[in-house]
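The file upload27.cif comes next; it holds mmCIF, C-alpha atoms.
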```cif
data_query
#
loop_
_atom_site.group_PDB
_atom_site.id
_atom_site.type_symbol
_atom_site.label_atom_id
_atom_site.label_comp_id
_atom_site.auth_asym_id
_atom_site.auth_seq_id
_atom_site.Cartn_x
_atom_site.Cartn_y
_atom_site.Cartn_z
ATOM 1 C CA MET A 1 0.000 0.000 0.000
ATOM 2 C CA ARG A 2 1.245 3.452 -0.858
ATOM 3 C CA LYS A 3 2.007 6.002 1.807
ATOM 4 C CA ASN A 4 0.067 9.228 1.885
ATOM 5 C CA THR A 5 1.817 12.418 0.928
ATOM 6 C CA GLN A 6 0.792 15.930 1.831
ATOM 7 C CA LEU A 7 0.377 18.590 -0.810
ATOM 8 C CA HIS A 8 0.258 22.245 0.160
ATOM 9 C CA LEU A 9 -1.167 24.723 -2.320
ATOM 10 C CA VAL A 10 -1.435 28.460 -2.423
ATOM 11 C CA VAL A 11 -4.563 29.584 -4.249
ATOM 12 C CA GLU A 12 -6.247 32.904 -4.794
ATOM 13 C CA THR A 13 -8.924 33.812 -2.269
ATOM 14 C CA GLU A 14 -11.589 33.867 -4.969
ATOM 15 C CA LEU A 15 -10.773 30.304 -6.044
ATOM 16 C CA PHE A 16 -10.656 29.139 -2.425
ATOM 17 C CA GLU A 17 -14.107 30.605 -1.744
ATOM 18 C CA LYS A 18 -15.485 28.940 -4.863
ATOM 19 C CA LEU A 19 -14.050 25.557 -3.807
ATOM 20 C CA LYS A 20 -15.345 26.063 -0.278
ATOM 21 C CA LYS A 21 -18.858 26.804 -1.569
ATOM 22 C CA GLN A 22 -18.873 23.771 -3.872
ATOM 23 C CA ALA A 23 -17.597 21.529 -1.068
ATOM 24 C CA GLN A 24 -20.331 22.776 1.268
ATOM 25 C CA GLU A 25 -22.989 22.093 -1.389
ATOM 26 C CA GLU A 26 -21.792 18.484 -1.597
ATOM 27 C CA GLU A 27 -21.433 18.292 2.188
ATOM 28 C CA LEU A 28 -17.705 17.546 1.996
ATOM 29 C CA THR A 29 -14.643 19.130 3.480
ATOM 30 C CA ILE A 30 -12.551 21.208 1.103
ATOM 31 C CA SER A 31 -9.832 18.544 1.254
ATOM 32 C CA GLU A 32 -12.234 15.739 0.343
ATOM 33 C CA TYR A 33 -13.757 17.821 -2.437
ATOM 34 C CA CYS A 34 -10.334 18.641 -3.934
ATOM 35 C CA ARG A 35 -9.220 14.997 -3.739
ATOM 36 C CA ASN A 36 -12.382 13.918 -5.557
ATOM 37 C CA LYS A 37 -11.865 16.557 -8.257
ATOM 38 C CA LEU A 38 -8.259 15.452 -8.768
ATOM 39 C CA LYS A 39 -9.321 11.817 -9.087
ATOM 40 C CA GLN A 40 -12.042 12.735 -11.597
ATOM 41 C CA ASN A 41 -9.677 14.806 -13.715
ATOM 42 C CA SER A 42 -7.082 12.058 -13.587
ATOM 43 C CA LYS A 43 -9.617 9.520 -14.888
ATOM 44 C CA ILE A 44 -10.691 11.867 -17.680
ATOM 45 C CA LEU A 45 -7.077 12.421 -18.678
ATOM 46 C CA LYS A 46 -6.438 8.650 -18.739
ATOM 47 C CA ILE A 47 -9.498 8.145 -20.961
ATOM 48 C CA GLU A 48 -8.332 10.878 -23.358
ATOM 49 C CA ILE A 49 -4.851 9.335 -23.557
ATOM 50 C CA MET A 50 -6.339 5.897 -24.256
ATOM 51 C CA MET A 51 -8.603 7.346 -26.952
ATOM 52 C CA ASP A 52 -5.641 9.071 -28.601
ATOM 53 C CA LYS A 53 -3.774 5.752 -28.651
ATOM 54 C CA ILE A 54 -6.793 3.973 -30.162
ATOM 55 C CA PHE A 55 -7.225 6.641 -32.828
ATOM 56 C CA SER A 56 -3.516 6.498 -33.591
ATOM 57 C CA ILE A 57 -3.814 2.760 -34.232
ATOM 58 C CA LEU A 58 -6.922 3.303 -36.350
ATOM 59 C CA GLU A 59 -5.128 5.987 -38.335
ATOM 60 C CA ASP A 60 -2.211 3.622 -39.000
ATOM 61 C CA ARG A 61 -4.702 1.054 -40.306
ATOM 62 C CA LYS A 62 -6.473 3.778 -42.326
ATOM 63 C CA ILE A 63 -9.794 3.066 -40.620
ATOM 64 C CA TYR A 64 -10.553 6.676 -39.823
ATOM 65 C CA LYS A 65 -9.539 10.157 -40.820
ATOM 66 C CA GLN A 66 -9.045 13.151 -38.608
ATOM 67 C CA VAL A 67 -11.516 15.956 -39.199
ATOM 68 C CA PRO A 68 -11.327 19.259 -37.332
ATOM 69 C CA ARG A 69 -14.646 19.846 -35.581
ATOM 70 C CA LYS A 70 -15.792 21.746 -32.557
ATOM 71 C CA ASN A 71 -16.991 18.788 -30.450
ATOM 72 C CA SER A 72 -15.313 15.818 -32.102
ATOM 73 C CA ARG A 73 -11.747 15.239 -33.192
ATOM 74 C CA TYR A 74 -12.253 12.186 -35.376
ATOM 75 C CA ILE A 75 -14.640 10.552 -37.818
ATOM 76 C CA ILE A 76 -14.699 6.769 -38.148
ATOM 77 C CA LYS A 77 -15.182 5.577 -41.723
#
```
I'd like the structure from this file rewritten - as structure tokens, please.
Amino acid sequence: MRKNTQLHLVVETELFEKLKKQAQEEELTISEYCRNKLKQNSKILKIEIMMDKIFSILEDRKIYKQVPRKNSRYIIK
């Protein structure tokens, strides 16, 4: 099991108040809320990396072509 590590951040008062308000709405401490947000963002980043790898493989096999769009990066043929 991994050991816990502390992380100390300095944030602007406005951002801190926003985080505090959101944490209160979800009935969490600021620490718990921030940990949850970091985990969520980490999962999203992992999904995006995996999708990029998949699309790279598809591109190599000429199964799709990249099309610049606002909401979508790729079109599957």
- Query: Distance atom CA of Leu38 of chain A-atom CA of Leu9 of chain A, one decimal place?
  - Reply: 13.3 Å
- Query: Quick one, how far is atom CA of Asn36 of chain A from atom CA of Thr5 of chain A?
  - Reply: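 According to the coordinates, atom CA of Asn36 of chain A and atom CA of Thr5 of chain A are separated by 15.7 Å.
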- How far is it from atom CA of Thr29 of chain A to atom CA of Glu48 of chain A, in Å with one decimal?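 Atom CA of Glu48 of chain A lies at a distance of 28.8 Å from atom CA of Thr29 of chain A.
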